[in-house]
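**Q** To be precise about what I am sending: the file is called coords_33.txt and holds compact mmCIF, N, CA and C atoms.
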```
# COMPACT_ATOMS: atom_id res chain seq x y z
N MET A 13 -25.83 12.98 22.95
CA MET A 13 -26.73 11.86 22.92
C MET A 13 -27.93 12.20 23.78
N HIS A 14 -29.10 11.95 23.27
CA HIS A 14 -30.32 12.17 24.03
C HIS A 14 -31.15 10.90 23.99
N ARG A 15 -31.61 10.47 25.12
CA ARG A 15 -32.38 9.23 25.23
C ARG A 15 -33.87 9.53 25.21
N PHE A 16 -34.64 8.72 24.48
CA PHE A 16 -36.09 8.86 24.46
C PHE A 16 -36.71 7.48 24.34
N TRP A 17 -37.98 7.38 24.65
CA TRP A 17 -38.69 6.10 24.64
C TRP A 17 -39.89 6.18 23.72
N ILE A 18 -40.16 5.05 23.11
CA ILE A 18 -41.41 4.87 22.39
C ILE A 18 -42.09 3.72 23.10
N GLY A 19 -43.22 3.98 23.69
CA GLY A 19 -43.88 2.96 24.49
C GLY A 19 -43.44 3.04 25.94
N LYS A 20 -43.35 1.90 26.59
CA LYS A 20 -43.02 1.84 28.02
C LYS A 20 -41.55 2.22 28.27
N LYS A 21 -41.33 3.08 29.26
CA LYS A 21 -39.99 3.50 29.63
C LYS A 21 -39.29 2.34 30.34
N THR A 22 -38.08 2.04 29.91
CA THR A 22 -37.32 0.94 30.49
C THR A 22 -35.97 1.45 30.97
N PRO A 23 -35.37 0.77 31.95
CA PRO A 23 -34.05 1.20 32.40
C PRO A 23 -33.03 0.96 31.30
N GLY A 24 -32.07 1.84 31.19
CA GLY A 24 -31.08 1.73 30.14
C GLY A 24 -29.74 1.26 30.66
N SER A 25 -28.91 0.80 29.75
CA SER A 25 -27.57 0.34 30.12
C SER A 25 -26.48 1.12 29.37
N TYR A 26 -26.87 2.15 28.63
CA TYR A 26 -25.90 2.93 27.87
C TYR A 26 -24.98 3.70 28.81
N GLN A 27 -23.68 3.60 28.55
CA GLN A 27 -22.68 4.35 29.32
C GLN A 27 -21.93 5.24 28.33
N SER A 28 -22.04 6.54 28.50
CA SER A 28 -21.47 7.47 27.53
C SER A 28 -19.95 7.40 27.44
N SER A 29 -19.28 6.83 28.45
CA SER A 29 -17.82 6.75 28.41
C SER A 29 -17.32 5.37 27.95
N ALA A 30 -18.21 4.44 27.68
CA ALA A 30 -17.83 3.08 27.27
C ALA A 30 -17.42 3.05 25.80
N PRO A 31 -16.51 2.16 25.41
CA PRO A 31 -16.15 2.02 24.00
C PRO A 31 -17.37 1.62 23.16
N MET A 32 -17.49 2.22 21.98
CA MET A 32 -18.62 1.91 21.10
C MET A 32 -18.17 1.90 19.65
N LEU A 33 -18.65 0.93 18.91
CA LEU A 33 -18.40 0.79 17.48
C LEU A 33 -19.62 1.26 16.71
N VAL A 34 -19.41 2.11 15.70
CA VAL A 34 -20.48 2.59 14.83
C VAL A 34 -20.11 2.21 13.41
N LEU A 35 -21.00 1.51 12.71
CA LEU A 35 -20.74 1.08 11.34
C LEU A 35 -21.49 1.98 10.38
N GLY A 36 -20.74 2.63 9.46
CA GLY A 36 -21.34 3.52 8.49
C GLY A 36 -21.90 2.80 7.29
N GLY A 37 -21.21 1.87 6.75
CA GLY A 37 -21.66 1.14 5.58
C GLY A 37 -20.85 -0.13 5.48
N PRO A 38 -21.28 -1.05 4.72
CA PRO A 38 -22.34 -1.03 3.71
C PRO A 38 -23.70 -1.43 4.30
N TYR A 39 -24.73 -1.16 3.53
CA TYR A 39 -26.09 -1.55 3.89
C TYR A 39 -26.95 -1.51 2.64
N GLY A 40 -28.01 -2.29 2.63
CA GLY A 40 -28.97 -2.24 1.54
C GLY A 40 -28.57 -2.98 0.29
N HIS A 41 -28.82 -2.34 -0.86
CA HIS A 41 -28.69 -2.96 -2.18
C HIS A 41 -27.73 -2.12 -3.03
N TYR A 42 -26.80 -2.78 -3.71
CA TYR A 42 -25.84 -2.10 -4.58
C TYR A 42 -25.98 -2.65 -5.99
N SER A 43 -26.08 -1.74 -6.96
CA SER A 43 -26.14 -2.15 -8.36
C SER A 43 -25.47 -1.09 -9.22
N GLY A 44 -25.11 -1.46 -10.46
CA GLY A 44 -24.44 -0.53 -11.35
C GLY A 44 -23.09 -0.10 -10.81
N GLU A 45 -22.73 1.16 -10.99
CA GLU A 45 -21.43 1.66 -10.55
C GLU A 45 -21.24 1.58 -9.04
N THR A 46 -22.31 1.70 -8.27
CA THR A 46 -22.17 1.65 -6.81
C THR A 46 -21.76 0.25 -6.32
N ALA A 47 -21.91 -0.76 -7.17
CA ALA A 47 -21.55 -2.13 -6.80
C ALA A 47 -20.11 -2.48 -7.19
N ASP A 48 -19.44 -1.61 -7.93
CA ASP A 48 -18.07 -1.91 -8.37
C ASP A 48 -17.09 -1.92 -7.20
N GLU A 49 -17.24 -0.98 -6.29
CA GLU A 49 -16.41 -0.90 -5.08
C GLU A 49 -17.32 -0.54 -3.92
N ILE A 50 -17.32 -1.38 -2.89
CA ILE A 50 -18.19 -1.17 -1.73
C ILE A 50 -17.31 -0.89 -0.52
N LEU A 51 -17.61 0.18 0.18
CA LEU A 51 -16.82 0.64 1.31
C LEU A 51 -17.37 0.11 2.63
N ILE A 52 -16.51 -0.53 3.41
CA ILE A 52 -16.84 -0.89 4.79
C ILE A 52 -16.14 0.15 5.65
N ASP A 53 -16.92 0.97 6.33
CA ASP A 53 -16.37 2.07 7.09
C ASP A 53 -16.98 2.10 8.48
N TYR A 54 -16.19 2.44 9.47
CA TYR A 54 -16.65 2.43 10.86
C TYR A 54 -16.11 3.66 11.58
N TYR A 55 -16.67 3.87 12.76
CA TYR A 55 -16.22 4.95 13.62
C TYR A 55 -16.17 4.41 15.04
N LEU A 56 -15.22 4.87 15.83
CA LEU A 56 -15.09 4.44 17.21
C LEU A 56 -15.32 5.61 18.16
N LEU A 57 -16.03 5.32 19.24
CA LEU A 57 -16.21 6.28 20.32
C LEU A 57 -15.52 5.72 21.56
N ASN A 58 -14.80 6.55 22.26
CA ASN A 58 -14.16 6.19 23.52
C ASN A 58 -13.19 5.02 23.40
N ALA A 59 -12.57 4.87 22.25
CA ALA A 59 -11.59 3.80 22.04
C ALA A 59 -10.66 4.23 20.91
N LYS A 60 -9.43 3.74 20.95
CA LYS A 60 -8.51 4.00 19.85
C LYS A 60 -7.86 2.68 19.45
N VAL A 61 -7.57 2.57 18.17
CA VAL A 61 -6.93 1.36 17.67
C VAL A 61 -5.42 1.54 17.71
N GLY A 62 -4.71 0.45 17.97
CA GLY A 62 -3.25 0.50 18.03
C GLY A 62 -2.71 -0.81 18.57
N ASP A 63 -1.41 -0.96 18.54
CA ASP A 63 -0.78 -2.21 18.95
C ASP A 63 -1.13 -2.62 20.38
N LYS A 64 -1.26 -1.66 21.30
CA LYS A 64 -1.56 -1.99 22.70
C LYS A 64 -2.97 -1.56 23.08
N ASP A 65 -3.75 -1.17 22.08
CA ASP A 65 -5.11 -0.69 22.33
C ASP A 65 -6.12 -1.64 21.68
N TYR A 66 -7.15 -1.09 21.09
CA TYR A 66 -8.20 -1.88 20.46
C TYR A 66 -7.82 -2.29 19.04
N ALA A 67 -8.53 -3.29 18.53
CA ALA A 67 -8.38 -3.75 17.15
C ALA A 67 -9.77 -3.91 16.55
N ILE A 68 -9.85 -3.91 15.23
CA ILE A 68 -11.10 -4.13 14.51
C ILE A 68 -10.96 -5.40 13.69
N ARG A 69 -11.92 -6.32 13.86
CA ARG A 69 -11.96 -7.53 13.04
C ARG A 69 -13.23 -7.46 12.18
N MET A 70 -13.03 -7.59 10.87
CA MET A 70 -14.15 -7.58 9.92
C MET A 70 -14.19 -8.94 9.24
N THR A 71 -15.34 -9.57 9.23
CA THR A 71 -15.53 -10.87 8.59
C THR A 71 -16.62 -10.74 7.54
N LEU A 72 -16.29 -11.08 6.31
CA LEU A 72 -17.23 -10.98 5.20
C LEU A 72 -17.48 -12.37 4.63
N LYS A 73 -18.75 -12.73 4.49
CA LYS A 73 -19.16 -14.00 3.88
C LYS A 73 -20.10 -13.71 2.72
N GLY A 74 -19.94 -14.48 1.64
CA GLY A 74 -20.82 -14.29 0.50
C GLY A 74 -20.28 -14.96 -0.74
N PRO A 75 -20.91 -14.69 -1.90
CA PRO A 75 -20.52 -15.32 -3.16
C PRO A 75 -19.06 -15.07 -3.52
N GLY A 76 -18.38 -16.11 -3.97
CA GLY A 76 -17.00 -15.98 -4.40
C GLY A 76 -15.99 -16.00 -3.27
N LEU A 77 -16.45 -16.16 -2.04
CA LEU A 77 -15.56 -16.20 -0.88
C LEU A 77 -15.55 -17.60 -0.29
N PRO A 78 -14.51 -17.97 0.47
CA PRO A 78 -14.51 -19.27 1.14
C PRO A 78 -15.74 -19.41 2.05
N GLU A 79 -16.14 -20.63 2.33
CA GLU A 79 -17.33 -20.88 3.15
C GLU A 79 -17.25 -20.17 4.50
N ASP A 80 -16.07 -20.15 5.11
CA ASP A 80 -15.89 -19.47 6.39
C ASP A 80 -15.77 -17.95 6.24
N GLY A 81 -15.75 -17.47 5.01
CA GLY A 81 -15.62 -16.05 4.75
C GLY A 81 -14.17 -15.62 4.72
N THR A 82 -13.97 -14.33 4.68
CA THR A 82 -12.63 -13.77 4.72
C THR A 82 -12.57 -12.75 5.84
N ASP A 83 -11.46 -12.73 6.56
CA ASP A 83 -11.29 -11.85 7.73
C ASP A 83 -10.26 -10.78 7.46
N ARG A 84 -10.45 -9.64 8.08
CA ARG A 84 -9.46 -8.57 8.13
C ARG A 84 -9.35 -8.14 9.58
N LEU A 85 -8.14 -8.13 10.09
CA LEU A 85 -7.88 -7.63 11.44
C LEU A 85 -6.96 -6.43 11.29
N THR A 86 -7.36 -5.30 11.87
CA THR A 86 -6.54 -4.11 11.74
C THR A 86 -6.41 -3.41 13.09
N ARG A 87 -5.26 -2.85 13.29
CA ARG A 87 -5.00 -2.00 14.45
C ARG A 87 -4.74 -0.57 13.99
N GLU A 88 -5.16 -0.29 12.75
CA GLU A 88 -5.10 1.05 12.18
C GLU A 88 -6.51 1.46 11.82
N TRP A 89 -6.77 2.75 11.91
CA TRP A 89 -8.11 3.24 11.59
C TRP A 89 -8.19 3.48 10.10
N ARG A 90 -8.66 2.46 9.38
CA ARG A 90 -8.81 2.60 7.95
C ARG A 90 -9.97 1.71 7.46
N PRO A 91 -10.66 2.16 6.41
CA PRO A 91 -11.78 1.37 5.88
C PRO A 91 -11.27 0.18 5.05
N TRP A 92 -12.19 -0.68 4.70
CA TRP A 92 -11.92 -1.84 3.84
C TRP A 92 -12.78 -1.64 2.61
N ILE A 93 -12.19 -1.73 1.42
CA ILE A 93 -12.94 -1.56 0.18
C ILE A 93 -13.04 -2.92 -0.50
N ILE A 94 -14.26 -3.33 -0.79
CA ILE A 94 -14.51 -4.59 -1.49
C ILE A 94 -14.55 -4.24 -2.98
N VAL A 95 -13.60 -4.76 -3.74
CA VAL A 95 -13.47 -4.44 -5.16
C VAL A 95 -14.06 -5.59 -5.99
N SER A 96 -14.93 -5.25 -6.94
CA SER A 96 -15.55 -6.20 -7.87
C SER A 96 -16.20 -7.40 -7.17
N PRO A 97 -17.13 -7.16 -6.25
CA PRO A 97 -17.81 -8.28 -5.60
C PRO A 97 -18.71 -9.02 -6.59
N HIS A 98 -18.97 -10.28 -6.31
CA HIS A 98 -19.90 -11.07 -7.11
C HIS A 98 -21.33 -10.66 -6.77
N ASN A 99 -22.26 -10.93 -7.68
CA ASN A 99 -23.67 -10.69 -7.40
C ASN A 99 -24.14 -11.66 -6.33
N GLY A 100 -24.99 -11.19 -5.44
CA GLY A 100 -25.55 -12.03 -4.39
C GLY A 100 -25.61 -11.31 -3.06
N THR A 101 -25.90 -12.07 -2.02
CA THR A 101 -26.06 -11.53 -0.68
C THR A 101 -24.81 -11.79 0.15
N TYR A 102 -24.37 -10.75 0.85
CA TYR A 102 -23.19 -10.83 1.70
C TYR A 102 -23.59 -10.59 3.16
N ASN A 103 -22.87 -11.25 4.05
CA ASN A 103 -23.03 -11.03 5.49
C ASN A 103 -21.73 -10.46 6.01
N LEU A 104 -21.83 -9.39 6.77
CA LEU A 104 -20.66 -8.71 7.32
C LEU A 104 -20.78 -8.66 8.84
N LYS A 105 -19.68 -9.00 9.51
CA LYS A 105 -19.61 -8.85 10.96
C LYS A 105 -18.38 -8.00 11.26
N VAL A 106 -18.58 -6.91 12.01
CA VAL A 106 -17.48 -6.03 12.41
C VAL A 106 -17.43 -6.05 13.93
N GLU A 107 -16.23 -6.35 14.48
CA GLU A 107 -16.08 -6.48 15.92
C GLU A 107 -14.97 -5.56 16.43
N LEU A 108 -15.22 -4.94 17.56
CA LEU A 108 -14.23 -4.16 18.27
C LEU A 108 -13.63 -5.08 19.32
N LEU A 109 -12.32 -5.31 19.24
CA LEU A 109 -11.65 -6.20 20.18
C LEU A 109 -10.82 -5.37 21.14
N GLY A 110 -11.05 -5.57 22.44
CA GLY A 110 -10.29 -4.86 23.45
C GLY A 110 -8.85 -5.34 23.50
N PRO A 111 -8.01 -4.66 24.28
CA PRO A 111 -6.59 -5.05 24.38
C PRO A 111 -6.40 -6.51 24.81
N GLU A 112 -7.36 -7.04 25.56
CA GLU A 112 -7.28 -8.44 26.00
C GLU A 112 -7.96 -9.39 25.02
N GLY A 113 -8.48 -8.87 23.89
CA GLY A 113 -9.10 -9.70 22.86
C GLY A 113 -10.58 -9.93 23.03
N LYS A 114 -11.22 -9.34 24.03
CA LYS A 114 -12.66 -9.52 24.26
C LYS A 114 -13.44 -8.39 23.60
N ILE A 115 -14.71 -8.69 23.25
CA ILE A 115 -15.59 -7.72 22.61
C ILE A 115 -16.40 -7.02 23.71
N PRO A 116 -16.30 -5.69 23.83
CA PRO A 116 -17.08 -4.98 24.84
C PRO A 116 -18.55 -4.88 24.42
N PRO A 117 -19.46 -4.62 25.37
CA PRO A 117 -20.87 -4.40 24.99
C PRO A 117 -20.95 -3.28 23.95
N GLY A 118 -21.74 -3.48 22.92
CA GLY A 118 -21.85 -2.50 21.85
C GLY A 118 -20.69 -2.56 20.87
N GLY A 119 -19.88 -3.62 20.97
CA GLY A 119 -18.69 -3.72 20.14
C GLY A 119 -18.80 -4.67 18.97
N MET A 120 -20.01 -5.09 18.61
CA MET A 120 -20.17 -5.97 17.45
C MET A 120 -21.41 -5.55 16.66
N ILE A 121 -21.24 -5.50 15.35
CA ILE A 121 -22.35 -5.17 14.45
C ILE A 121 -22.36 -6.18 13.32
N GLU A 122 -23.54 -6.73 13.02
CA GLU A 122 -23.71 -7.63 11.88
C GLU A 122 -24.69 -7.00 10.91
N ARG A 123 -24.39 -7.16 9.63
CA ARG A 123 -25.23 -6.53 8.61
C ARG A 123 -25.22 -7.39 7.35
N THR A 124 -26.31 -7.32 6.60
CA THR A 124 -26.44 -8.02 5.32
C THR A 124 -26.64 -6.97 4.23
N PHE A 125 -26.00 -7.18 3.08
CA PHE A 125 -26.23 -6.31 1.94
C PHE A 125 -26.20 -7.15 0.67
N THR A 126 -26.75 -6.61 -0.42
CA THR A 126 -26.89 -7.35 -1.67
C THR A 126 -26.22 -6.60 -2.82
N VAL A 127 -25.58 -7.37 -3.69
CA VAL A 127 -24.95 -6.83 -4.90
C VAL A 127 -25.69 -7.44 -6.09
N ASP A 128 -26.04 -6.59 -7.06
CA ASP A 128 -26.79 -7.06 -8.23
C ASP A 128 -26.43 -6.19 -9.43
N GLY A 129 -25.86 -6.79 -10.45
CA GLY A 129 -25.64 -6.08 -11.71
C GLY A 129 -24.57 -5.02 -11.68
N ARG A 130 -23.34 -5.41 -11.39
CA ARG A 130 -22.23 -4.45 -11.43
C ARG A 130 -22.13 -3.85 -12.82
N SER A 131 -21.47 -2.69 -12.93
CA SER A 131 -21.41 -1.97 -14.21
C SER A 131 -20.44 -2.59 -15.20
N ASP A 132 -19.50 -3.43 -14.74
CA ASP A 132 -18.52 -4.01 -15.67
C ASP A 132 -19.07 -5.28 -16.18
```
Take the structure I supplied and represent it as structure tokens, if you would.
**A**
Amino acid sequence: MHRFWIGKKTPGSYQSSAPMLVLGGPYGHYSGETADEILIDYYLLNAKVGDKDYAIRMTLKGPGLPEDGTDRLTREWRPWIIVSPHNGTYNLKVELLGPEGKIPPGGMIERTFTVDGRSD
């Protein structure tokens, strides 16, 4: 990791040994075959998932889902595949939960993506 500034240099709070959640996808716009199955995939730094360790909670809101959305909580390192989503805009929140159930700094990512014109 290398730190750089654009504009005024400010003090940082990044700690290289702290737990961090990185979200690979989804993002942007999906149409045709790419909209048939959408992969929610993440990576963890300085943390491991397990019964006595960290957990991942994924909340998806959008067309065809309950108003409160649908949740997935996992203590295994595996992606979530959204199969045959409806057309429209989805909101995704992915959270890293510590052993005590709290979200560490850098442990939550929210993203919006759109589905339009699946191939089926």
**Q** I need the strand (DSSP E) residues of region 22-93 of chain A per DSSP on the backbone, written as an NGL selection string.
**A** :A and (32-37 or 40-44 or 49-57 or 67-73 or 82-86 or 92-93)
**Q** Excluding Leu56 (chain A) and residues on its chain fewer than 3 positions from it, collect all residues at most 7 Å away from it, counting only N, CA and C atoms, and give them as a list in words.
**A**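 Selected residues are Pro31, Met32, Leu33, Val34, Ala59 and Lys60 of chain A.
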**Q** Please, could you write that set of residues out with N, CA and C atoms as a tab-separated table (two decimals), keeping the file's coordinate frame?
**A**
```tsv
chain	number	residue	atom	x	y	z
A	31	PRO	N	-16.51	2.16	25.41
A	31	PRO	CA	-16.15	2.02	24.00
A	31	PRO	C	-17.37	1.62	23.16
A	32	MET	N	-17.49	2.22	21.98
A	32	MET	CA	-18.62	1.91	21.10
A	32	MET	C	-18.17	1.90	19.65
A	33	LEU	N	-18.65	0.93	18.91
A	33	LEU	CA	-18.40	0.79	17.48
A	33	LEU	C	-19.62	1.26	16.71
A	34	VAL	N	-19.41	2.11	15.70
A	34	VAL	CA	-20.48	2.59	14.83
A	34	VAL	C	-20.11	2.21	13.41
A	59	ALA	N	-12.57	4.87	22.25
A	59	ALA	CA	-11.59	3.80	22.04
A	59	ALA	C	-10.66	4.23	20.91
A	60	LYS	N	-9.43	3.74	20.95
A	60	LYS	CA	-8.51	4.00	19.85
A	60	LYS	C	-7.86	2.68	19.45
```
**Q** Which residue out of A:Asp63, A:Asp53, A:Glu107, A:Asp128 has the minimum interatomic distance to Arg90 (chain A) when all atoms listed in the file are used?
**A**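 Distance minimum relative to Arg90 (chain A) lands on A:Asp53.
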**Q** Give the answer as one residue: which of A:Asp65, A:Asp80, A:Glu112, A:Asp48 has the shortest atom-to-atom distance to Gly129 (chain A), using all atoms listed in the file?
**A**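 Among the listed residues, A:Asp48 lies closest to Gly129 (chain A).
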**Q** Given the point (-12.3, -6.6, 13.6) in the file's coordinates, find the residues that have an atom at most 8 Å from it, counting only C-alpha atoms, and give them as a list of chain:residue names.
**A**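 Protein and nucleic acid residues near the point are A:Ala67, A:Ile68, A:Arg69, A:Met70, A:Thr71, A:Asp83, A:Arg84, A:Leu85, A:Thr86, A:Val106, A:Glu107, A:Leu108, A:Leu109.
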**Q** So how far away is atom C of Ile121 (chain A) from atom C of Ser43 (chain A), in Å?
**A**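 Atom-to-atom, atom C of Ser43 (chain A) and atom C of Ile121 (chain A) are spaced 23.3 Å apart.
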**Q** Which residue out of A:Gly37, A:Gly24, A:Gly62, A:Pro75 has the minimum interatomic distance to His98 (chain A) when all atoms listed in the file are used?
**A** A:Pro75
**Q** Calculate how many Å separate CA of Glu79 (chain A) from atom C of Leu104 (chain A), rounding to one decimal.
**A** 13.9 Å
**Q** What are the centre and the three edge lengths of an axis-aligned box that wraps all atoms of region 107-125 of chain A in the file, given that 4 Å is added to every side, written as AutoDock Vina command-line options and rounded to one decimal in Å?
**A**
```
--center_x -16.5 --center_y -6.2 --center_z 13.3 --size_x 28.2 --size_y 15.4 --size_z 33.3
```
**Q** State, in Å with one decimal place, the distance from CA of Glu88 (chain A) to atom C of Val61 (chain A).
**A**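 Calculated distance between CA of Glu88 (chain A) and atom C of Val61 (chain A) is 5.6 Å.
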**Q** With only N, CA and C atoms as the basis for distance, which of A:Ala30, A:Leu72, A:Leu35, A:Ile50 is at the shortest distance from Ile93 (chain A)?
**A**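 Ranking A:Ala30, A:Leu72, A:Leu35, A:Ile50 by distance to Ile93 (chain A), first place goes to A:Ile50.
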**Q** Under the rule that only C-alpha atoms are counted, which of A:Gly44, A:Pro23, A:Gly100, A:Gly74 is the nearest residue to Val127 (chain A)?
**A**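 The answer is A:Gly100, which sits nearest to Val127 (chain A).
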**Q** Using only N, CA and C atoms, can you tell me which of A:Thr126, A:Ser96, A:Asn58, A:Thr82 comes closest to Ser29 (chain A)?
**A**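 The shortest atom-to-atom distance to Ser29 (chain A) comes from A:Asn58.
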**Q** Would it be fine to have region 68-88 of chain A, with N, CA, C and O atoms, given as a PDB file, in the first residue's frame?
**A**
```
ATOM      1  N   ILE A  68     -19.671 -12.033   7.807  1.00  0.00           N
ATOM      2  CA  ILE A  68     -20.041 -11.107   6.738  1.00  0.00           C
ATOM      3  C   ILE A  68     -21.560 -11.075   6.645  1.00  0.00           C
ATOM      4  O   ILE A  68     -22.202 -12.118   6.551  1.00  0.00           O
ATOM      5  N   ARG A  69     -22.130  -9.859   6.689  1.00  0.00           N
ATOM      6  CA  ARG A  69     -23.570  -9.695   6.493  1.00  0.00           C
ATOM      7  C   ARG A  69     -23.761  -8.897   5.202  1.00  0.00           C
ATOM      8  O   ARG A  69     -23.201  -7.819   5.032  1.00  0.00           O
ATOM      9  N   MET A  70     -24.556  -9.473   4.293  1.00  0.00           N
ATOM     10  CA  MET A  70     -24.862  -8.820   3.019  1.00  0.00           C
ATOM     11  C   MET A  70     -26.361  -8.553   2.983  1.00  0.00           C
ATOM     12  O   MET A  70     -27.156  -9.463   3.232  1.00  0.00           O
ATOM     13  N   THR A  71     -26.740  -7.325   2.695  1.00  0.00           N
ATOM     14  CA  THR A  71     -28.147  -6.941   2.605  1.00  0.00           C
ATOM     15  C   THR A  71     -28.402  -6.385   1.213  1.00  0.00           C
ATOM     16  O   THR A  71     -27.732  -5.445   0.783  1.00  0.00           O
ATOM     17  N   LEU A  72     -29.359  -6.974   0.514  1.00  0.00           N
ATOM     18  CA  LEU A  72     -29.698  -6.566  -0.843  1.00  0.00           C
ATOM     19  C   LEU A  72     -31.131  -6.070  -0.868  1.00  0.00           C
ATOM     20  O   LEU A  72     -32.046  -6.740  -0.377  1.00  0.00           O
ATOM     21  N   LYS A  73     -31.334  -4.876  -1.431  1.00  0.00           N
ATOM     22  CA  LYS A  73     -32.668  -4.293  -1.603  1.00  0.00           C
ATOM     23  C   LYS A  73     -32.863  -3.965  -3.072  1.00  0.00           C
ATOM     24  O   LYS A  73     -31.944  -3.505  -3.740  1.00  0.00           O
ATOM     25  N   GLY A  74     -34.090  -4.205  -3.560  1.00  0.00           N
ATOM     26  CA  GLY A  74     -34.370  -3.888  -4.953  1.00  0.00           C
ATOM     27  C   GLY A  74     -35.637  -4.551  -5.426  1.00  0.00           C
ATOM     28  O   GLY A  74     -36.388  -5.139  -4.642  1.00  0.00           O
ATOM     29  N   PRO A  75     -35.898  -4.494  -6.748  1.00  0.00           N
ATOM     30  CA  PRO A  75     -37.121  -5.044  -7.329  1.00  0.00           C
ATOM     31  C   PRO A  75     -37.286  -6.535  -7.041  1.00  0.00           C
ATOM     32  O   PRO A  75     -36.325  -7.295  -7.098  1.00  0.00           O
ATOM     33  N   GLY A  76     -38.499  -6.926  -6.683  1.00  0.00           N
ATOM     34  CA  GLY A  76     -38.797  -8.330  -6.440  1.00  0.00           C
ATOM     35  C   GLY A  76     -38.393  -8.823  -5.061  1.00  0.00           C
ATOM     36  O   GLY A  76     -38.582  -9.993  -4.758  1.00  0.00           O
ATOM     37  N   LEU A  77     -37.848  -7.943  -4.235  1.00  0.00           N
ATOM     38  CA  LEU A  77     -37.430  -8.321  -2.882  1.00  0.00           C
ATOM     39  C   LEU A  77     -38.334  -7.646  -1.858  1.00  0.00           C
ATOM     40  O   LEU A  77     -38.955  -6.626  -2.158  1.00  0.00           O
ATOM     41  N   PRO A  78     -38.413  -8.172  -0.632  1.00  0.00           N
ATOM     42  CA  PRO A  78     -39.192  -7.506   0.407  1.00  0.00           C
ATOM     43  C   PRO A  78     -38.688  -6.069   0.626  1.00  0.00           C
ATOM     44  O   PRO A  78     -37.523  -5.768   0.326  1.00  0.00           O
ATOM     45  N   GLU A  79     -39.537  -5.206   1.144  1.00  0.00           N
ATOM     46  CA  GLU A  79     -39.171  -3.800   1.341  1.00  0.00           C
ATOM     47  C   GLU A  79     -37.903  -3.647   2.177  1.00  0.00           C
ATOM     48  O   GLU A  79     -37.077  -2.781   1.915  1.00  0.00           O
ATOM     49  N   ASP A  80     -37.745  -4.490   3.195  1.00  0.00           N
ATOM     50  CA  ASP A  80     -36.549  -4.442   4.039  1.00  0.00           C
ATOM     51  C   ASP A  80     -35.346  -5.117   3.380  1.00  0.00           C
ATOM     52  O   ASP A  80     -34.257  -5.132   3.943  1.00  0.00           O
ATOM     53  N   GLY A  81     -35.553  -5.715   2.224  1.00  0.00           N
ATOM     54  CA  GLY A  81     -34.486  -6.400   1.521  1.00  0.00           C
ATOM     55  C   GLY A  81     -34.333  -7.830   2.001  1.00  0.00           C
ATOM     56  O   GLY A  81     -35.152  -8.347   2.756  1.00  0.00           O
ATOM     57  N   THR A  82     -33.271  -8.451   1.556  1.00  0.00           N
ATOM     58  CA  THR A  82     -32.960  -9.811   1.980  1.00  0.00           C
ATOM     59  C   THR A  82     -31.536  -9.827   2.505  1.00  0.00           C
ATOM     60  O   THR A  82     -30.663  -9.157   1.959  1.00  0.00           O
ATOM     61  N   ASP A  83     -31.313 -10.562   3.587  1.00  0.00           N
ATOM     62  CA  ASP A  83     -30.007 -10.613   4.254  1.00  0.00           C
ATOM     63  C   ASP A  83     -29.371 -11.975   4.098  1.00  0.00           C
ATOM     64  O   ASP A  83     -30.059 -12.996   4.059  1.00  0.00           O
ATOM     65  N   ARG A  84     -28.053 -11.980   4.058  1.00  0.00           N
ATOM     66  CA  ARG A  84     -27.257 -13.196   4.138  1.00  0.00           C
ATOM     67  C   ARG A  84     -26.179 -12.948   5.181  1.00  0.00           C
ATOM     68  O   ARG A  84     -25.470 -11.951   5.108  1.00  0.00           O
ATOM     69  N   LEU A  85     -26.080 -13.837   6.135  1.00  0.00           N
ATOM     70  CA  LEU A  85     -25.019 -13.779   7.136  1.00  0.00           C
ATOM     71  C   LEU A  85     -24.195 -15.046   6.974  1.00  0.00           C
ATOM     72  O   LEU A  85     -24.740 -16.152   6.964  1.00  0.00           O
ATOM     73  N   THR A  86     -22.886 -14.883   6.813  1.00  0.00           N
ATOM     74  CA  THR A  86     -22.039 -16.049   6.623  1.00  0.00           C
ATOM     75  C   THR A  86     -20.790 -15.946   7.486  1.00  0.00           C
ATOM     76  O   THR A  86     -20.264 -14.862   7.715  1.00  0.00           O
ATOM     77  N   ARG A  87     -20.367 -17.078   7.954  1.00  0.00           N
ATOM     78  CA  ARG A  87     -19.101 -17.195   8.674  1.00  0.00           C
ATOM     79  C   ARG A  87     -18.143 -18.065   7.869  1.00  0.00           C
ATOM     80  O   ARG A  87     -17.179 -18.598   8.385  1.00  0.00           O
ATOM     81  N   GLU A  88     -18.460 -18.217   6.575  1.00  0.00           N
ATOM     82  CA  GLU A  88     -17.605 -18.927   5.628  1.00  0.00           C
ATOM     83  C   GLU A  88     -17.238 -17.947   4.525  1.00  0.00           C
ATOM     84  O   GLU A  88     -18.028 -17.089   4.159  1.00  0.00           O
TER      85      GLU A  88
END
```
